[in-house]
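Student: Data: final_30.cif, mmCIF, C-alpha atoms.
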```cif
data_start
#
loop_
_atom_site.label_atom_id
_atom_site.label_comp_id
_atom_site.auth_asym_id
_atom_site.auth_seq_id
_atom_site.Cartn_x
_atom_site.Cartn_y
_atom_site.Cartn_z
CA MET R 129 164.47 156.14 134.13
CA ARG R 130 164.00 153.96 131.09
CA ILE R 131 161.81 154.81 128.12
CA SER R 132 159.61 151.75 127.84
CA ARG R 133 157.44 152.65 124.87
CA LEU R 134 157.30 154.96 121.88
CA THR R 135 154.11 156.96 122.49
CA VAL R 136 153.73 159.32 119.51
CA VAL R 137 155.14 159.39 116.00
CA THR R 138 154.73 162.80 114.36
CA LEU R 139 154.73 163.06 110.58
CA GLY R 140 155.39 166.39 108.91
CA VAL R 141 152.80 166.70 106.14
CA ALA R 142 152.31 169.02 103.18
CA ASP R 143 148.50 169.23 103.48
CA LEU R 144 147.04 168.52 106.92
CA ARG R 145 143.46 168.09 105.69
CA LYS R 146 144.40 165.61 102.96
CA ALA R 147 146.76 163.69 105.24
CA THR R 148 144.08 163.47 107.93
CA LYS R 149 141.53 162.05 105.46
CA PHE R 150 144.14 159.62 104.09
CA TYR R 151 145.10 158.21 107.49
CA GLU R 152 141.50 158.00 108.63
CA ALA R 153 140.71 155.91 105.52
CA VAL R 154 143.78 153.67 105.80
CA LEU R 155 143.78 153.12 109.56
CA GLY R 156 140.01 153.09 110.00
CA THR R 157 140.36 155.22 113.12
CA PRO R 158 138.58 158.54 113.59
CA PRO R 159 141.14 161.35 114.00
CA ASN R 160 141.14 163.84 116.84
CA THR R 161 141.20 167.26 115.17
CA SER R 162 140.19 169.30 118.22
CA TYR R 163 143.61 170.96 118.41
CA ASP R 164 144.07 173.65 115.78
CA GLY R 165 146.79 172.80 113.29
CA VAL R 166 147.54 169.23 114.38
CA THR R 167 145.76 165.89 114.03
CA PHE R 168 146.08 163.03 116.50
CA ILE R 169 145.19 159.48 115.59
CA GLU R 170 144.90 157.39 118.70
CA LEU R 171 146.14 153.86 118.13
CA PRO R 172 146.65 151.36 120.94
CA GLY R 173 150.09 151.93 122.40
CA THR R 174 151.42 154.51 119.95
CA TRP R 175 149.62 157.49 118.50
CA ILE R 176 150.31 159.16 115.17
CA SER R 177 150.22 162.92 114.95
CA LEU R 178 150.09 164.87 111.71
CA TYR R 179 151.58 168.35 111.71
CA PRO R 180 152.35 170.69 108.79
CA LEU R 181 155.97 170.06 107.77
CA GLU R 182 157.00 173.72 107.89
CA ASN R 183 155.52 174.13 111.38
CA LEU R 184 157.16 170.95 112.64
CA ALA R 185 160.56 172.12 111.42
CA LYS R 186 160.09 175.53 113.11
CA ASP R 187 158.96 173.83 116.32
CA ILE R 188 162.18 171.82 116.43
CA SER R 189 164.42 174.77 115.56
CA PRO R 190 164.15 177.89 113.36
CA GLU R 191 167.52 176.94 111.82
CA ILE R 192 166.40 173.55 110.47
CA PRO R 193 165.97 173.66 106.69
CA VAL R 194 162.90 171.91 105.32
CA THR R 195 164.07 169.42 102.72
CA ARG R 196 162.41 166.20 101.64
CA SER R 197 163.56 164.00 98.83
CA GLY R 198 164.19 160.35 98.21
CA PHE R 199 164.34 157.71 100.88
CA SER R 200 165.02 158.99 104.41
CA GLY R 201 166.07 155.61 105.79
CA ILE R 202 162.90 155.24 107.89
CA SER R 203 159.83 153.14 107.30
CA PHE R 204 156.82 152.38 109.45
CA ALA R 205 155.33 148.93 109.77
CA HIS R 206 152.07 147.25 110.61
CA ASN R 207 152.00 143.55 111.31
CA ALA R 208 148.82 141.92 110.05
CA HIS R 209 147.15 138.72 111.21
CA SER R 210 147.28 137.00 107.81
CA LYS R 211 148.48 137.24 104.22
CA ASP R 212 144.92 138.15 103.19
CA ASP R 213 144.98 141.03 105.70
CA VAL R 214 148.23 142.32 104.18
CA ILE R 215 146.63 142.38 100.73
CA ALA R 216 143.43 144.03 102.03
CA ILE R 217 145.34 146.77 103.89
CA ILE R 218 147.60 147.52 100.91
CA ASN R 219 144.50 147.74 98.69
CA ARG R 220 142.78 150.05 101.20
CA ALA R 221 145.84 152.32 101.23
CA LYS R 222 145.89 152.35 97.43
CA SER R 223 142.19 153.29 97.35
CA ALA R 224 142.93 156.17 99.74
CA GLY R 225 145.61 157.56 97.40
CA ALA R 226 148.79 155.74 98.44
CA CYS R 227 151.38 154.67 95.91
CA VAL R 228 152.05 150.94 96.18
CA VAL R 229 155.82 150.66 95.81
CA LYS R 230 156.07 146.91 96.41
CA GLU R 231 153.13 144.60 95.86
CA PRO R 232 152.52 142.07 98.65
CA GLN R 233 154.72 139.03 98.16
CA ASP R 234 156.58 136.27 99.95
CA THR R 235 159.75 137.51 101.66
CA PHE R 236 163.25 136.13 102.15
CA TRP R 237 162.59 135.91 105.93
CA GLY R 238 159.60 133.58 105.55
CA GLY R 239 156.85 136.15 105.79
CA PHE R 240 154.66 138.08 103.38
CA SER R 241 154.76 141.85 102.95
CA GLY R 242 154.28 144.86 100.71
CA TYR R 243 155.06 148.57 100.90
CA PHE R 244 153.14 151.73 100.15
CA ALA R 245 154.06 155.41 100.26
CA ASP R 246 151.58 157.82 101.81
CA LEU R 247 150.68 161.22 100.35
CA ASP R 248 153.89 162.75 101.74
CA GLY R 249 156.19 159.93 100.66
CA TYR R 250 156.48 158.15 104.02
CA PHE R 251 156.96 154.43 103.48
CA TRP R 252 154.82 151.86 105.26
CA GLU R 253 155.38 148.12 105.28
CA VAL R 254 152.40 145.86 105.88
CA ALA R 255 153.63 142.42 106.85
CA TRP R 256 152.61 139.02 108.13
CA GLY R 257 155.12 136.58 109.61
CA PRO R 258 154.79 133.05 110.96
CA MET R 259 157.08 134.02 113.85
CA PHE R 260 154.57 136.50 115.28
CA GLU R 261 151.46 136.18 117.42
CA PHE R 262 149.19 138.76 118.96
CA ALA R 263 148.07 139.04 122.57
CA GLU R 264 144.38 139.65 123.30
CA ASN R 265 145.15 143.37 123.62
CA GLY R 266 146.73 143.41 120.13
CA GLU R 267 150.32 143.53 121.36
CA LEU R 268 152.75 141.88 118.96
CA LYS R 269 154.47 138.79 120.35
CA PHE R 270 157.56 137.04 118.98
CA LYS R 271 157.68 133.22 119.00
CA VAL R 272 161.01 131.67 119.97
CA ASP R 273 161.41 127.87 120.09
CA GLY R 274 157.70 127.40 120.65
CA LEU R 275 157.62 130.08 123.34
CA VAL R 276 155.97 133.43 122.86
CA LYS R 277 157.93 136.49 124.00
CA SER R 278 156.77 140.06 124.02
CA LEU R 279 158.52 142.59 121.82
CA THR R 280 157.74 145.25 124.44
CA ILE R 281 160.88 146.47 126.16
#
```
Starting from the file, lay out its structure as C-alpha cells.
Tutor:
Amino acid sequence: MRISRLTVVTLGVADLRKATKFYEAVLGTPPNTSYDGVTFIELPGTWISLYPLENLAKDISPEIPVTRSGFSGISFAHNAHSKDDVIAIINRAKSAGACVVKEPQDTFWGGFSGYFADLDGYFWEVAWGPMFEFAENGELKFKVDGLVKSLTI
C-alpha cells in the first residue's frame, strides 16, 4: 500500500488558544475546536492540527524530551496565485502576530516569496512561481515544457 497524500500536519504549540486564533486569522478558515485539547483546521487535502507541545511529546513517547530552539530544518509552504497575494498573506500573518523573517522578494529560482514565523517559531514560506498553476479544485500543478503535471503522487 502506498501513502498517496499527507493528510494531517500536527504542530505542538505553547498556547492552544492563542495558536488557534492565530491560524484562524492567517488561514481564514474556522477551526474545529469540538475535541477537548486539540484544534483541527480543515484545509483542502491536508489538515493542520494544533496540540499542546507537552501533550504531543507525551503522546509520542513519555521518554521524548521537549526541547525547541533555533531552526528545526522544517518549513511549511503555501503557494499563492500572484506576487500581490504573497504580499497580502505575509501582511495578514504579521497582523495576526507573526514575525516576518524574510520580506517578500524575487527569488533565485524565478519566483517571489517571503517567510514568517508563527507564534511557536514554525517557519512558513509564502511563494508564487511562474512554473506553477492551480487546478479548479486548488491542487498545485507543475508546468513542464508547456505541459502541466500534478505534484500529487
Student: Looking at R:Val137, R:Ala142, R:Gly249, R:Lys149, which one is nearest to Gly173 in chain R, with distances taken over all atoms listed in the file?
Tutor: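 Checking each of R:Val137, R:Ala142, R:Gly249, R:Lys149 against Gly173 in chain R, counting all atoms listed in the file, the winner is R:Val137.
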Student: Would you mind reading off the distance between CA of Ala205 in chain R and CA of Ala224 in chain R, one decimal, in Å?
Tutor: 17.5 Å
Student: Calculated over all atoms listed in the file, which of the candidates R:Val229, R:Ala147, R:Ala153, R:Ala185 has the smallest distance to Asp248 in chain R?
Tutor: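 Going through R:Val229, R:Ala147, R:Ala153, R:Ala185 one by one, the smallest distance to Asp248 in chain R is for R:Ala147.
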Student: Tell me which protein, DNA and RNA residues are within 12 Å of Trp237 in chain R, counting all atoms listed in the file, leaving out same-chain ones fewer than 6 positions away, and put them as JSON, numbers by chain.
Tutor: {"R": [255, 256, 257, 258, 259]}
Student: Using Å and a single decimal, report how far CA of Arg196 in chain R sits from CA of Leu184 in chain R.
Tutor: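 Interatomic distance here is 13.1 Å.
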Student: I'd like the neighbourhood of Asp212 in chain R as a PyMOL selection string, where a residue qualifies if any of its atoms comes within 12 Å (using only C-alpha atoms), though same-chain residues fewer than 5 positions away should be ignored.
Tutor: chain R and resi 217-219+232-233+240-242+254-256
Student: Could you list, as a JSON list (two decimals) with C-alpha atoms, in the coordinates of the input, every residue matched by the PyMOL selection byres ((chain R and resi 134) around 9) in this structure?
Tutor:
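What landed in result26.json:
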```
[["chain", "number", "residue", "atom", "x", "y", "z"],
["R", 131, "ILE", "CA", 161.81, 154.81, 128.12],
["R", 132, "SER", "CA", 159.61, 151.75, 127.84],
["R", 133, "ARG", "CA", 157.44, 152.65, 124.87],
["R", 135, "THR", "CA", 154.11, 156.96, 122.49],
["R", 136, "VAL", "CA", 153.73, 159.32, 119.51],
["R", 137, "VAL", "CA", 155.14, 159.39, 116.00],
["R", 173, "GLY", "CA", 150.09, 151.93, 122.40],
["R", 174, "THR", "CA", 151.42, 154.51, 119.95],
["R", 175, "TRP", "CA", 149.62, 157.49, 118.50]]
```
Student: Of the candidates R:Leu181, R:Val228, R:Ala245, R:His206, which shows the shortest atom-to-atom distance to Val194 in chain R, using only C-alpha atoms?
Tutor: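 Among the listed residues, the smallest separation from Val194 in chain R belongs to R:Leu181.
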